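Down below is the structure, laid out as structure tokens.
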Amino acid sequence: MIVLRTEELTQAESVLKQFFPESIKVYGCIFNINRGKPHNLQVIADQWPDFTVIICKPKVQGANDREGDFNIYSIYSKSKAGLRNFLDTPGVINKDSFTLLAGLDIRHSEAAQEFADQHGLPWKVQVVMNVLMLQDAEQLQFKDSDLSSAGVRFPPLSAAHAHLVNNTWKYGGDRNSYNSVLNYISHNPSLCVMEEGGTEPVSWLLVYQHAALGLLHTLPQHRGKSYGKLLVCKMARTLLERGHPVYCFVEEENDTSFKLFTSLGFQRSPHYRTVWFELNNRQVKK
């Protein structure tokens, strides 16, 4: 097992671009690490530079945010056999702790199943996700004239909005998820919709620590105004200008979000899906 340091992380960012979309989540983590964003991540590989597997995992498990609480791993693997071998390497997986392999290539999920079964660990697939990417602003299927809306402002979110975002997030609602939301708002790009005369956002979009778009939400009473499309387009244009990756994960059964992003020009590889794979039973803190 090799722990990637500054020089290797710079090399990894360049190399991983060759393996999109499969490598995009690990690339996103490393992209933000290389730009000095605060993080609790250690990046490991089976070997370097001729790696087969790269994993971004928490340095400190159980940190007071969702990533630490769920012990979230981001994995890029070139082969199922390579992943299977690496999971058995000492120091890669703590077999006594809950671990969420988030964004695992569905074609390699059998490696995680075999690892769990061999060691008598309970496991389950939490969710299957499509990965949607936008690599060029020219792909956006939205006219510039559609990016303006009379009386509406699009400022970034502030720390004061973290409670609102956390309370409406599907995976939010507790203190650890609040800390994650606050971190996303404080250190990553965000946008929201403020209607004329309003003091609170009615729609918003954030960027996760792995650089994916996420937490897109519009309050029910303000839907039907294309705020989601406006936010995604504005954010995508800004990120692409900065050389930032533009992608998102959409749950397989979430047709509404899938249609929204694909209607805007985001593209899905027909041969690639990911799973969120749970190892061990999670003990809920009281």
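Every chain in the structure tokens takes a letter, A first, then B, and so on in the order presented; its residues are numbered from 1, and the ligands are numbered from 1 following the presented order.
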
Can you build me a table of segment 204-283 of chain A residues sitting at most 10 Å from segment 135-144 of chain A, with the closest atom pair per residue and its distance in Å to one decimal, using only C-alpha atoms, sorted by chain and residue number, as a Markdown table?
| residue | atom | partner | partner_atom | distance |
| --- | --- | --- | --- | --- |
| A:Lys229 | CA | A:Phe142 | CA | 8.5 |
| A:Leu230 | CA | A:Phe142 | CA | 8.8 |
| A:Val232 | CA | A:Leu140 | CA | 9.9 |
| A:Cys233 | CA | A:Leu140 | CA | 7.3 |
| A:Lys234 | CA | A:Asp144 | CA | 9.7 |
| A:Ala236 | CA | A:Ala137 | CA | 7.5 |
| A:Arg237 | CA | A:Ala137 | CA | 6.1 |
| A:Thr238 | CA | A:Ala137 | CA | 9.5 |
| A:Leu239 | CA | A:Ala137 | CA | 9.7 |
| A:Leu240 | CA | A:Ala137 | CA | 6.9 |
| A:Glu241 | CA | A:Ala137 | CA | 8.7 |
| A:Gly243 | CA | A:Gln135 | CA | 9.7 |
| A:His244 | CA | A:Gln135 | CA | 9.5 |
| A:Pro245 | CA | A:Gln135 | CA | 7.3 |
| A:Val246 | CA | A:Gln135 | CA | 6.6 |
| A:Tyr247 | CA | A:Gln135 | CA | 8.4 |
| A:Phe261 | CA | A:Leu140 | CA | 9.7 |
| A:Thr262 | CA | A:Gln141 | CA | 9.0 |
| A:Ser263 | CA | A:Gln141 | CA | 6.8 |
| A:Leu264 | CA | A:Gln141 | CA | 4.6 |
| A:Gly265 | CA | A:Leu140 | CA | 4.9 |
| A:Phe266 | CA | A:Gln139 | CA | 7.4 |
| A:Gln267 | CA | A:Gln135 | CA | 9.0 |

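The shell of residues at most 6 Å from segment 33-47 of chain A, with only C-alpha atoms counted and near chain neighbours (fewer than 4 positions) removed, consists of Met1, Ile2, Val3, Leu4, Phe51, Val53, Ile54, Ile55, Cys56, Lys57, Pro58 and Lys59 of chain A.
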
Lys80 of chain A environment, 8 Å, only C-alpha atoms, sequence neighbours closer than 3 positions dropped, as number ranges by chain
A: 77, 83-84, 107-111

List the neighbours of Gln209 of chain A out to 9 Å using only C-alpha atoms; skip same-chain residues closer than 3 positions along the sequence, and give me the result as a PyMOL selection string.
chain A and resi 28-29+32+37-39+180+183-184+187-188+212

Pick from A:Ala162, A:Val152, A:Val275, A:Leu231 nearest to Leu100 of chain A, counting only C-alpha atoms:
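Once distances to Leu100 of chain A are computed over only C-alpha atoms, the minimum belongs to A:Val275.
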
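Here atom CA of Arg273 of chain A and atom CA of Asn130 of chain A stand 5.1 Å from one another.
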
Just want the 7 Å neighbourhood of segment 7-16 of chain A, counted on only C-alpha atoms, with same-chain residues fewer than 6 positions away dropped. Output as a PyMOL selection string.
chain A and resi 23+27+30-31+34

Hey, can you spit out that residue selection with C-alpha atoms as a tab-separated table (two decimals), in the first residue's frame?
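Final output, out07.tsv:
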chain	number	residue	atom	x	y	z
A	23	SER	CA	-12.25	7.78	-12.12
A	27	TYR	CA	-10.34	12.68	-9.34
A	30	ILE	CA	-7.79	14.84	-5.39
A	31	PHE	CA	-8.69	17.97	-7.39
A	34	ASN	CA	-4.49	19.75	-4.58

Enumerate the residues of segment 60-248 of chain A with a DSSP assignment of helix (DSSP H, G or I), computed from the backbone, and present them as a ChimeraX atom specification.
/A:66-69,80-87,106-118,137-139,144-147,159-168,175-187,220-222,227-241

Could you write out the selected residues, including C-alpha atoms, as an mmCIF file, in the first residue's frame?
data_model
loop_
_atom_site.group_PDB
_atom_site.id
_atom_site.type_symbol
_atom_site.label_atom_id
_atom_site.label_comp_id
_atom_site.auth_asym_id
_atom_site.auth_seq_id
_atom_site.Cartn_x
_atom_site.Cartn_y
_atom_site.Cartn_z
ATOM 1 C CA ARG A 66 -21.140 12.776 7.472
ATOM 2 C CA GLU A 67 -18.007 11.623 5.647
ATOM 3 C CA GLY A 68 -16.311 10.599 8.893
ATOM 4 C CA ASP A 69 -19.467 9.295 10.542
ATOM 5 C CA LYS A 80 -12.229 -6.376 -10.165
ATOM 6 C CA ALA A 81 -9.307 -8.689 -9.340
ATOM 7 C CA GLY A 82 -7.066 -5.750 -8.489
ATOM 8 C CA LEU A 83 -9.675 -4.318 -6.148
ATOM 9 C CA ARG A 84 -10.272 -7.699 -4.513
ATOM 10 C CA ASN A 85 -6.564 -8.079 -3.749
ATOM 11 C CA PHE A 86 -6.195 -4.530 -2.460
ATOM 12 C CA LEU A 87 -9.142 -4.775 -0.057
ATOM 13 C CA ILE A 106 -20.973 -1.753 -10.227
ATOM 14 C CA ARG A 107 -18.918 -4.097 -12.429
ATOM 15 C CA HIS A 108 -16.433 -4.493 -9.554
ATOM 16 C CA SER A 109 -18.952 -4.774 -6.715
ATOM 17 C CA GLU A 110 -18.485 -8.546 -6.610
ATOM 18 C CA ALA A 111 -14.975 -7.904 -5.283
ATOM 19 C CA ALA A 112 -16.467 -6.145 -2.251
ATOM 20 C CA GLN A 113 -19.050 -8.922 -1.832
ATOM 21 C CA GLU A 114 -16.362 -11.614 -1.931
ATOM 22 C CA PHE A 115 -14.241 -9.696 0.579
ATOM 23 C CA ALA A 116 -17.199 -9.337 2.946
ATOM 24 C CA ASP A 117 -18.254 -12.976 2.618
ATOM 25 C CA GLN A 118 -14.724 -14.248 3.161
ATOM 26 C CA ALA A 137 -19.898 24.485 -21.910
ATOM 27 C CA GLU A 138 -20.873 24.000 -25.549
ATOM 28 C CA GLN A 139 -22.757 20.870 -24.459
ATOM 29 C CA ASP A 144 -27.978 32.475 -22.473
ATOM 30 C CA SER A 145 -31.269 34.381 -22.449
ATOM 31 C CA ASP A 146 -32.712 31.682 -20.191
ATOM 32 C CA LEU A 147 -30.105 32.465 -17.536
ATOM 33 C CA ALA A 159 -23.070 29.753 6.670
ATOM 34 C CA ALA A 160 -26.377 31.063 8.022
ATOM 35 C CA HIS A 161 -28.194 28.912 5.450
ATOM 36 C CA ALA A 162 -26.615 25.621 6.552
ATOM 37 C CA HIS A 163 -29.513 24.673 8.839
ATOM 38 C CA LEU A 164 -32.083 25.212 6.072
ATOM 39 C CA VAL A 165 -30.087 23.135 3.588
ATOM 40 C CA ASN A 166 -29.409 20.385 6.117
ATOM 41 C CA ASN A 167 -33.045 20.112 7.166
ATOM 42 C CA THR A 168 -34.227 19.621 3.568
ATOM 43 C CA ARG A 175 -25.416 17.371 13.588
ATOM 44 C CA ASN A 176 -22.856 15.490 11.502
ATOM 45 C CA SER A 177 -24.679 16.183 8.246
ATOM 46 C CA TYR A 178 -24.997 19.838 9.298
ATOM 47 C CA ASN A 179 -21.224 19.995 9.726
ATOM 48 C CA SER A 180 -20.777 18.558 6.224
ATOM 49 C CA VAL A 181 -23.199 21.077 4.720
ATOM 50 C CA LEU A 182 -21.424 23.903 6.525
ATOM 51 C CA ASN A 183 -18.112 22.665 5.130
ATOM 52 C CA TYR A 184 -19.490 22.495 1.576
ATOM 53 C CA ILE A 185 -20.853 26.054 1.845
ATOM 54 C CA SER A 186 -17.710 27.457 3.470
ATOM 55 C CA HIS A 187 -15.107 25.937 1.160
ATOM 56 C CA PRO A 220 -42.150 23.103 -2.842
ATOM 57 C CA GLN A 221 -44.035 26.398 -3.073
ATOM 58 C CA HIS A 222 -41.438 27.781 -5.532
ATOM 59 C CA TYR A 227 -34.824 27.446 -10.803
ATOM 60 C CA GLY A 228 -33.054 24.074 -10.762
ATOM 61 C CA LYS A 229 -32.047 24.394 -14.416
ATOM 62 C CA LEU A 230 -30.923 27.969 -13.909
ATOM 63 C CA LEU A 231 -28.721 27.025 -10.954
ATOM 64 C CA VAL A 232 -27.160 24.030 -12.695
ATOM 65 C CA CYS A 233 -26.369 26.051 -15.828
ATOM 66 C CA LYS A 234 -24.917 29.004 -13.959
ATOM 67 C CA MET A 235 -22.824 26.726 -11.742
ATOM 68 C CA ALA A 236 -21.652 24.566 -14.653
ATOM 69 C CA ARG A 237 -20.471 27.560 -16.663
ATOM 70 C CA THR A 238 -18.585 29.000 -13.683
ATOM 71 C CA LEU A 239 -16.936 25.705 -12.779
ATOM 72 C CA LEU A 240 -15.858 24.931 -16.332
ATOM 73 C CA GLU A 241 -14.275 28.393 -16.606
#

At what distance in Å, to one decimal, does atom CA of Glu252 of chain A lie from atom CA of Thr52 of chain A?
27.2 Å

Would you mind listing what lies within 9 Å of Lys95 of chain A as number ranges by chain, with only C-alpha atoms counted and same-chain residues fewer than 6 positions away left out?
A: 116, 119, 121, 279-280

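For segment 137-261 of chain A, backbone-based DSSP assignment of strand (DSSP E or B) covers Arg153, Leu191, Cys192, Val193, Met194, Ser203, Trp204, Leu205, Leu206, Val207, Leu213, Gly214, Leu215, Leu216, His217, Thr218, Tyr247, Cys248, Phe249, Val250 and Glu251 of chain A.
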
Proximity to Pro21 of chain A - best of A:Met133, A:Leu104, A:Cys248, A:Val128, only C-alpha atoms:
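For Pro21 of chain A, the nearest of the given residues is A:Met133.
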